[in-house]
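Colleague: The following file, input.txt, comprises compact mmCIF, C-alpha atoms:
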```txt
# COMPACT_ATOMS: atom_id res chain seq x y z
CA MET A 1 97.00 76.41 100.61
CA PHE A 2 100.03 76.92 102.89
CA GLN A 3 101.68 73.71 101.68
CA GLN A 4 101.83 74.98 98.11
CA ILE A 5 103.06 78.42 99.15
CA LEU A 6 105.85 77.10 101.35
CA THR A 7 106.96 74.71 98.65
CA HIS A 8 107.43 77.62 96.26
CA TYR A 9 109.75 79.19 98.85
CA ALA A 10 111.73 75.94 99.11
CA LEU A 11 110.45 75.30 102.64
CA ASP A 12 109.35 71.82 103.66
CA PRO A 13 105.66 72.15 104.71
CA GLU A 14 106.03 69.16 107.01
CA LYS A 15 108.54 71.01 109.17
CA TYR A 16 106.66 74.29 109.63
CA SER A 17 103.51 75.45 111.38
CA VAL A 18 101.53 78.52 110.25
CA GLN A 19 99.64 80.70 112.72
CA PRO A 20 97.86 84.09 112.37
CA PHE A 21 100.11 86.95 113.40
CA GLY A 22 99.84 90.65 114.24
CA SER A 23 96.99 93.14 114.28
CA GLY A 24 97.10 94.58 110.75
CA LEU A 25 93.74 95.31 109.17
CA ILE A 26 94.65 95.40 105.47
CA ASN A 27 96.75 92.35 104.64
CA HIS A 28 96.42 88.84 106.09
CA THR A 29 99.56 87.90 108.02
CA TRP A 30 100.88 84.63 109.46
CA LYS A 31 103.98 83.52 111.32
CA VAL A 32 105.69 80.49 109.80
CA SER A 33 107.72 78.59 112.41
CA MET A 34 109.71 75.41 112.79
CA ALA A 35 108.92 73.35 115.87
CA SER A 36 112.30 74.33 117.33
CA GLY A 37 111.40 78.01 116.93
CA GLN A 38 114.83 78.69 115.42
CA ASP A 39 113.71 79.26 111.83
CA CYS A 40 110.81 81.70 111.47
CA TYR A 41 109.25 83.77 108.72
CA ILE A 42 106.36 86.14 108.18
CA LEU A 43 103.94 85.21 105.40
CA GLN A 44 101.59 87.85 104.08
CA GLN A 45 98.75 87.92 101.58
CA ILE A 46 98.44 91.31 99.88
CA ASN A 47 94.96 92.81 99.90
CA SER A 48 94.56 93.39 96.17
CA ALA A 49 91.29 95.27 96.76
CA VAL A 50 93.36 98.02 98.41
CA PHE A 51 96.59 97.57 96.46
CA LYS A 52 95.44 97.19 92.88
CA HIS A 53 98.90 96.48 91.47
CA PRO A 54 100.85 94.17 93.81
CA PHE A 55 103.74 93.86 91.38
CA ASP A 56 104.31 97.61 91.77
CA ILE A 57 104.82 97.05 95.48
CA ALA A 58 107.30 94.27 94.74
CA LEU A 59 109.17 96.55 92.32
CA ASN A 60 109.31 99.36 94.91
CA MET A 61 110.69 97.05 97.59
CA ALA A 62 113.29 95.64 95.21
CA SER A 63 114.42 99.14 94.20
CA LEU A 64 114.58 100.42 97.78
CA GLY A 65 116.29 97.29 99.03
CA SER A 66 118.92 97.45 96.30
CA TYR A 67 119.65 101.12 97.04
CA LEU A 68 119.96 100.57 100.79
CA GLN A 69 122.12 97.49 100.33
CA GLN A 70 124.47 99.45 98.12
CA HIS A 71 124.68 102.64 100.19
CA TYR A 72 123.73 101.59 103.75
CA PRO A 73 124.33 97.83 104.01
CA ASP A 74 124.07 97.90 107.82
CA TYR A 75 120.47 99.18 107.75
CA LEU A 76 117.93 96.53 108.70
CA PHE A 77 115.68 96.53 105.62
CA ALA A 78 112.65 94.31 106.18
CA GLY A 79 112.15 93.35 102.54
CA PRO A 80 110.61 90.17 101.12
CA LEU A 81 112.53 87.01 100.26
CA PRO A 82 112.60 85.53 96.76
CA THR A 83 110.81 82.33 95.86
CA ALA A 84 112.81 79.36 94.58
CA ALA A 85 112.24 80.80 91.09
CA GLY A 86 113.63 84.19 92.12
CA ASP A 87 110.30 86.04 92.25
CA TYR A 88 109.36 88.39 95.09
CA LEU A 89 105.67 87.49 94.88
CA TYR A 90 103.93 84.15 94.71
CA VAL A 91 100.59 84.15 92.87
CA ASP A 92 98.33 81.15 93.47
CA ASP A 93 95.75 79.72 91.09
CA GLN A 94 93.05 81.99 92.60
CA HIS A 95 95.17 85.03 91.73
CA ARG A 96 96.01 85.77 95.36
CA PHE A 97 99.36 87.43 96.03
CA TYR A 98 101.75 86.30 98.77
CA ARG A 99 105.23 87.27 99.93
CA LEU A 100 107.54 85.89 102.60
CA PHE A 101 109.68 87.97 104.96
CA PRO A 102 112.42 86.94 107.37
CA PHE A 103 111.30 87.12 110.99
CA VAL A 104 113.56 89.53 112.85
CA ALA A 105 114.69 87.68 115.96
CA GLN A 106 114.60 89.44 119.33
CA SER A 107 112.31 92.12 117.99
CA HIS A 108 108.76 93.11 118.76
CA SER A 109 106.13 95.62 117.74
CA ILE A 110 103.53 97.41 119.84
CA ASP A 111 99.97 98.48 119.07
CA GLN A 112 99.65 101.54 121.29
CA VAL A 113 102.07 104.34 122.15
CA LEU A 114 102.31 104.38 125.94
CA THR A 115 105.38 106.52 126.54
CA ALA A 116 107.05 109.58 125.04
CA GLU A 117 110.18 107.47 124.61
CA GLN A 118 108.30 105.13 122.28
CA ALA A 119 107.04 108.12 120.28
CA PHE A 120 110.61 109.46 120.03
CA GLU A 121 112.01 106.14 118.83
CA ALA A 122 109.24 105.70 116.24
CA ALA A 123 109.70 109.23 114.89
CA ARG A 124 113.44 108.69 114.69
CA GLN A 125 113.00 105.46 112.73
CA PHE A 126 110.58 106.91 110.18
CA ALA A 127 112.84 109.94 109.74
CA ARG A 128 115.89 107.72 109.41
CA PHE A 129 114.20 105.70 106.66
CA THR A 130 113.49 108.90 104.71
CA HIS A 131 116.96 110.29 105.46
CA LEU A 132 118.84 107.23 104.23
CA LEU A 133 116.81 107.34 101.02
CA SER A 134 117.36 111.05 100.42
CA GLY A 135 119.58 110.22 97.45
CA PHE A 136 117.08 107.80 95.93
CA ASP A 137 115.27 109.02 92.81
CA THR A 138 111.60 109.17 93.87
CA ARG A 139 110.58 108.96 90.21
CA LEU A 140 111.53 105.28 90.35
CA LEU A 141 108.77 104.56 92.87
CA LYS A 142 105.41 103.30 91.70
CA ILE A 143 102.30 104.90 93.18
CA THR A 144 100.68 102.05 95.09
CA ILE A 145 97.60 104.02 96.28
CA PRO A 146 96.91 106.99 93.98
CA GLN A 147 96.16 110.30 95.76
CA PHE A 148 96.35 108.55 99.14
CA HIS A 149 97.09 111.73 101.14
CA ASP A 150 95.64 114.28 98.75
CA LEU A 151 93.77 116.65 101.06
CA SER A 152 92.23 118.56 98.15
CA LEU A 153 90.72 115.36 96.81
CA ARG A 154 89.36 114.42 100.24
CA TYR A 155 87.72 117.84 100.57
CA LEU A 156 86.19 117.50 97.11
CA GLN A 157 84.80 114.09 98.06
CA PHE A 158 83.38 115.67 101.22
CA THR A 159 81.62 118.46 99.31
CA THR A 160 80.28 115.93 96.80
CA ALA A 161 78.81 113.91 99.69
CA LEU A 162 77.11 117.08 100.94
CA THR A 163 75.27 117.19 97.61
CA ASN A 164 74.68 113.51 96.91
CA GLY A 165 74.80 111.88 100.34
CA ASN A 166 72.11 110.63 102.72
CA PRO A 167 69.84 113.70 103.35
CA GLN A 168 68.94 112.67 106.90
CA ARG A 169 72.56 112.07 107.85
CA ILE A 170 73.55 115.41 106.33
CA GLN A 171 70.89 117.16 108.40
CA ASP A 172 71.85 115.37 111.60
CA ALA A 173 75.57 116.13 111.10
CA ALA A 174 75.04 119.85 110.41
CA GLU A 175 77.16 121.10 113.32
CA LEU A 176 80.10 118.85 112.48
CA ILE A 177 79.81 119.71 108.79
CA ASP A 178 79.93 123.41 109.63
CA TYR A 179 83.06 122.98 111.75
CA LEU A 180 84.91 121.06 109.04
CA GLN A 181 83.95 123.63 106.43
CA GLN A 182 85.42 126.33 108.67
CA GLN A 183 88.77 124.52 108.50
CA GLN A 184 88.98 124.73 104.70
CA HIS A 185 92.03 126.99 105.03
CA LEU A 186 93.99 123.81 105.74
CA VAL A 187 93.22 122.68 102.19
CA GLN A 188 94.44 126.01 100.85
CA THR A 189 97.71 125.59 102.74
CA TYR A 190 98.12 122.13 101.22
CA GLU A 191 97.60 123.57 97.74
CA HIS A 192 100.30 126.15 98.50
CA ILE A 193 102.67 123.42 99.69
CA LYS A 194 102.39 121.54 96.40
CA LYS A 195 103.64 124.64 94.56
CA ASP A 196 106.25 125.73 97.10
CA PRO A 197 109.88 124.95 96.13
CA GLY A 198 110.64 124.89 99.84
CA PHE A 199 108.96 121.49 100.03
CA ARG A 200 110.68 118.41 98.65
CA LEU A 201 109.11 115.22 97.41
CA ARG A 202 110.79 112.50 99.46
CA VAL A 203 110.58 108.75 100.03
CA ILE A 204 107.74 108.73 102.56
CA HIS A 205 106.27 105.75 104.42
CA HIS A 206 102.67 107.12 104.56
CA ASP A 207 101.51 104.79 107.37
CA THR A 208 103.38 105.67 110.56
CA LYS A 209 101.28 103.90 113.17
CA ILE A 210 103.42 102.57 115.99
CA SER A 211 102.90 98.94 114.97
CA ASN A 212 104.96 99.64 111.85
CA VAL A 213 108.13 100.03 113.90
CA LEU A 214 110.21 97.13 115.18
CA PHE A 215 111.80 97.52 118.63
CA ASP A 216 114.56 95.50 120.26
CA ASP A 217 114.46 94.06 123.75
CA GLN A 218 115.81 97.32 125.19
CA HIS A 219 112.93 99.23 123.52
CA ASN A 220 115.18 100.89 120.97
CA GLY A 221 113.84 101.28 117.46
CA LEU A 222 115.31 98.89 114.89
CA CYS A 223 113.60 99.73 111.60
CA VAL A 224 110.27 100.45 109.97
CA ILE A 225 108.15 97.71 108.39
CA ASP A 226 105.03 97.34 106.24
CA LEU A 227 106.37 99.26 103.26
CA ASP A 228 103.44 98.82 100.87
CA THR A 229 102.50 102.50 101.09
CA VAL A 230 106.03 103.83 100.52
CA MET A 231 105.66 106.43 97.76
CA PRO A 232 106.91 109.90 96.87
CA GLY A 233 105.34 112.39 99.25
CA TYR A 234 105.77 115.28 101.66
CA PHE A 235 107.09 114.91 105.19
CA ILE A 236 103.76 116.19 106.54
CA SER A 237 102.21 112.80 105.73
CA ASP A 238 104.47 110.83 108.06
CA VAL A 239 104.69 113.45 110.79
CA GLY A 240 100.96 114.16 110.61
CA ASP A 241 100.06 110.49 110.91
CA MET A 242 102.21 110.20 114.03
CA MET A 243 100.56 113.27 115.52
CA ARG A 244 97.14 111.85 114.75
CA THR A 245 97.78 108.43 116.24
CA TYR A 246 100.31 109.09 119.05
CA LEU A 247 99.24 112.32 120.77
CA SER A 248 95.96 111.21 122.32
CA PRO A 249 95.78 108.37 124.85
CA VAL A 250 92.61 107.11 123.11
CA THR A 251 92.07 106.01 119.52
CA GLU A 252 89.74 107.24 116.78
CA GLU A 253 87.20 104.66 118.02
CA GLU A 254 86.64 106.42 121.36
CA LYS A 255 83.02 107.59 121.75
CA ASN A 256 83.61 109.63 124.91
CA VAL A 257 85.21 112.78 123.53
CA GLN A 258 86.04 113.94 127.07
CA LEU A 259 88.83 111.36 127.02
CA ILE A 260 90.49 112.92 123.98
CA THR A 261 93.49 114.94 125.12
CA ILE A 262 96.82 116.02 123.66
CA ARG A 263 99.98 114.87 125.42
CA ASP A 264 102.47 117.74 125.05
CA ASP A 265 105.48 115.60 125.89
CA PHE A 266 104.54 113.18 123.12
CA PHE A 267 104.46 116.06 120.62
CA ALA A 268 107.91 117.17 121.77
CA ALA A 269 109.20 113.60 121.49
CA ILE A 270 107.91 113.19 117.92
CA ALA A 271 109.34 116.56 116.90
CA ARG A 272 112.74 115.91 118.46
CA GLY A 273 113.04 112.38 117.06
CA TYR A 274 112.07 113.42 113.56
CA ILE A 275 113.85 116.76 113.27
CA GLU A 276 117.10 115.60 114.87
CA GLU A 277 117.32 112.70 112.41
CA LEU A 278 116.41 114.81 109.37
CA ARG A 279 117.99 118.10 110.44
CA THR A 280 120.29 118.32 107.42
CA GLU A 281 117.45 117.49 105.02
CA LEU A 282 114.46 119.53 106.17
CA THR A 283 114.25 123.02 104.70
CA GLU A 284 113.39 125.99 106.87
CA THR A 285 110.01 126.18 105.10
CA GLU A 286 109.29 122.56 105.96
CA LYS A 287 110.25 123.07 109.59
CA GLN A 288 107.89 126.06 109.75
CA HIS A 289 105.06 123.73 108.69
CA PHE A 290 105.84 121.03 111.25
CA VAL A 291 102.80 121.89 113.38
CA TYR A 292 100.64 122.08 110.26
CA ALA A 293 101.46 118.43 109.61
CA GLY A 294 99.25 117.37 112.52
CA GLN A 295 96.39 119.59 111.36
CA PHE A 296 96.73 118.24 107.84
CA MET A 297 96.36 114.59 108.78
CA ILE A 298 93.79 114.90 111.57
CA TYR A 299 91.59 117.08 109.38
CA MET A 300 91.90 114.73 106.42
CA GLN A 301 90.84 111.74 108.49
CA ALA A 302 87.87 113.64 109.94
CA LEU A 303 86.79 114.48 106.38
CA ARG A 304 87.16 110.89 105.25
CA PHE A 305 85.15 109.46 108.14
CA LEU A 306 82.35 111.99 107.77
CA THR A 307 82.27 111.60 103.99
CA ASP A 308 81.84 107.86 104.40
CA HIS A 309 79.09 108.39 106.97
CA LEU A 310 77.20 110.68 104.60
CA ASN A 311 77.67 108.14 101.81
CA ASN A 312 76.13 105.34 103.94
CA ASP A 313 79.45 103.76 104.99
CA VAL A 314 80.40 102.42 101.57
CA TYR A 315 84.18 102.72 102.09
CA TYR A 316 85.05 101.93 105.71
CA GLY A 317 81.91 100.03 106.58
CA ALA A 318 80.38 100.37 110.03
CA ARG A 319 80.21 98.03 113.02
CA TYR A 320 77.22 99.93 114.40
CA GLU A 321 74.86 102.70 113.35
CA GLY A 322 76.71 106.00 113.21
CA HIS A 323 80.14 104.40 113.57
CA ASN A 324 81.84 106.70 111.05
CA PHE A 325 80.10 109.75 112.49
CA VAL A 326 81.59 108.86 115.88
CA ARG A 327 85.02 108.53 114.29
CA ALA A 328 84.65 111.84 112.46
CA GLN A 329 83.53 113.63 115.62
CA ASN A 330 86.42 112.07 117.51
CA GLN A 331 88.89 113.44 114.96
CA ALA A 332 87.23 116.86 114.91
CA VAL A 333 87.63 117.12 118.70
CA LEU A 334 91.24 115.99 118.36
CA LEU A 335 91.78 118.75 115.79
CA GLN A 336 90.24 121.34 118.13
CA GLN A 337 92.49 120.21 120.98
CA TYR A 338 95.52 120.25 118.70
CA ASN A 339 94.76 123.72 117.31
CA ALA A 340 94.42 125.09 120.83
CA LYS A 341 98.05 124.15 121.48
CA SER A 342 99.50 125.36 118.19
CA THR A 343 101.33 128.32 119.79
CA LEU A 344 102.95 126.05 122.38
CA PHE A 345 103.88 123.53 119.72
CA ASN A 346 105.51 126.17 117.53
CA GLN A 347 107.53 127.27 120.54
CA ILE A 348 108.68 123.68 121.02
CA ILE A 349 109.74 123.45 117.37
CA SER A 350 111.74 126.69 117.66
CA THR A 351 113.90 125.12 120.40
CA ILE A 352 114.87 122.01 118.44
```
Let me see the structure of the file written as structure tokens.
Modeller:
Amino acid sequence: MFQQILTHYALDPEKYSVQPFGSGLINHTWKVSMASGQDCYILQQINSAVFKHPFDIALNMASLGSYLQQHYPDYLFAGPLPTAAGDYLYVDDQHRFYRLFPFVAQSHSIDQVLTAEQAFEAARQFARFTHLLSGFDTRLLKITIPQFHDLSLRYLQFTTALTNGNPQRIQDAAELIDYLQQQQHLVQTYEHIKKDPGFRLRVIHHDTKISNVLFDDQHNGLCVIDLDTVMPGYFISDVGDMMRTYLSPVTEEEKNVQLITIRDDFFAAIARGYIEELRTELTETEKQHFVYAGQFMIYMQALRFLTDHLNNDVYYGARYEGHNFVRAQNQAVLLQQYNAKSTLFNQIISTI
């Protein structure tokens, strides 16, 4: 398999080794290296079950790369390389989609945010990406995952599961269901945002986990990577995803909810990194909804996990009985902890 792929990229398969790389859960990723270690690439197979139209991703990357090369040639854009035929995707005879990226030397990624400085650098890089593309026409971007961060849709799917889902699971989850229903006002705020001229559709990454930032050896952010989910969107998607995944020292998999806490200095770091980079772009209305961004994303993920649990784990699957219920409860506790600090967080935003 790899021999044929490398040949299409004009690489001699005899000179390269291919090893699994990274911790991504969606696409399969490998590092392609020469024995000397001086010539390296990243090979990736696109998960076409998640991304139904891989050529749309390729078109997005080509459009973004062309814009950045023209306007900001010094920006490190981690886009794919062309094949020998000039294509940005290679499709094998089993209709599997591959692309090859340059390996950025003297760079690294991390899987867990351990310091406020890392949170600051990540927020700055995601904001910088959006800032540099502020002049890009978002209508040129293809939608790679329709309604990906549509909170209204996720709430509708939740209410549908309450009607059609597993009756025993619905009964057992009554307390959590009640709590999430009480937070429906967050959906109403989202509906208002979609109609508010104070919110701009921007080029948004939509997957701001820390592993999608490259750092240099001095721990400074270099650029953002994994651009498959780049689509038109609202800033609350990127900021909210950082809040959801950076603020607590434990992940959504943690069963012991006593370990779920909010690190105030991490919130301040995210806010400062993002707002300082996008200060000339964010409207006053958007800045006033900065804290809402965290509520938006945490709540949406709680809904999605519980919906899947009530639907017998058909979307995320489950490694053990009640896995998605644990995840949903984890996110609900995170939302409670976050809401309890909303006044403090708004005070922090007012000082930036």
Colleague: As a PyMOL selection string, please: the residues near segment 230-240 of chain A (cut-off 6 Å, all atoms listed in the file, same-chain neighbours under 4 positions excluded).
Modeller: chain A and resi 138+143+201-206+208+293-294+297
Colleague: Env of Phe126 of chain A: 12 Å cut, atoms = all atoms listed in the file, seq-sep filter 6 positions within chain, self excluded. Answer as a PyMOL selection string.
Modeller: chain A and resi 119-120+132-133+203-210+212-214+221-227+230+235+237-239+241-242+270-271+273-278
Colleague: How close does segment 95-120 of chain A get to segment 249-268 of chain A? List, as CSV, each residue of segment 95-120 of chain A within 12 Å, its nearest atom pair and the distance in Å to one decimal, counting only C-alpha atoms.
Modeller:
```
residue,atom,partner,partner_atom,distance
A:Asp111,CA,A:Thr251,CA,10.9
A:Gln112,CA,A:Pro249,CA,8.6
A:Val113,CA,A:Pro249,CA,7.9
A:Leu114,CA,A:Pro249,CA,7.7
A:Thr115,CA,A:Phe266,CA,7.5
A:Ala116,CA,A:Phe266,CA,4.8
A:Glu117,CA,A:Phe266,CA,8.2
A:Gln118,CA,A:Phe266,CA,8.9
A:Ala119,CA,A:Phe266,CA,6.3
A:Phe120,CA,A:Phe266,CA,7.8
```
Colleague: May I have the residues from that selection written out with C-alpha atoms, as a PDB file, in the frame of the given file?
Modeller:
```pdb
ATOM      1  CA  ASP A 111      99.970  98.480 119.070  1.00  0.00           C
ATOM      2  CA  GLN A 112      99.650 101.540 121.290  1.00  0.00           C
ATOM      3  CA  VAL A 113     102.070 104.340 122.150  1.00  0.00           C
ATOM      4  CA  LEU A 114     102.310 104.380 125.940  1.00  0.00           C
ATOM      5  CA  THR A 115     105.380 106.520 126.540  1.00  0.00           C
ATOM      6  CA  ALA A 116     107.050 109.580 125.040  1.00  0.00           C
ATOM      7  CA  GLU A 117     110.180 107.470 124.610  1.00  0.00           C
ATOM      8  CA  GLN A 118     108.300 105.130 122.280  1.00  0.00           C
ATOM      9  CA  ALA A 119     107.040 108.120 120.280  1.00  0.00           C
ATOM     10  CA  PHE A 120     110.610 109.460 120.030  1.00  0.00           C
TER      11      PHE A 120
END
```
Colleague: Which one is closest to Arg154 of chain A: A:Ser33, A:Ser17, A:Gln3, A:Thr307? Count only C-alpha atoms.
Modeller: A:Thr307
Colleague: By how many Å are atom CA of Phe51 of chain A and atom CA of Ala122 of chain A apart?
Modeller: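 According to the coordinates, atom CA of Phe51 of chain A and atom CA of Ala122 of chain A are separated by 24.8 Å.
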Colleague: With distances taken over all atoms listed in the file, which of A:Thr343, A:Thr144, A:Gln171, A:Gln337 is nearest to Ile57 of chain A?
Modeller: A:Thr144
Colleague: Grab the atom CA of Thr283 of chain A to atom CA of Phe199 of chain A distance for me, in Å with one decimal place.
Modeller: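 Atom CA of Phe199 of chain A lies 7.2 Å from atom CA of Thr283 of chain A.
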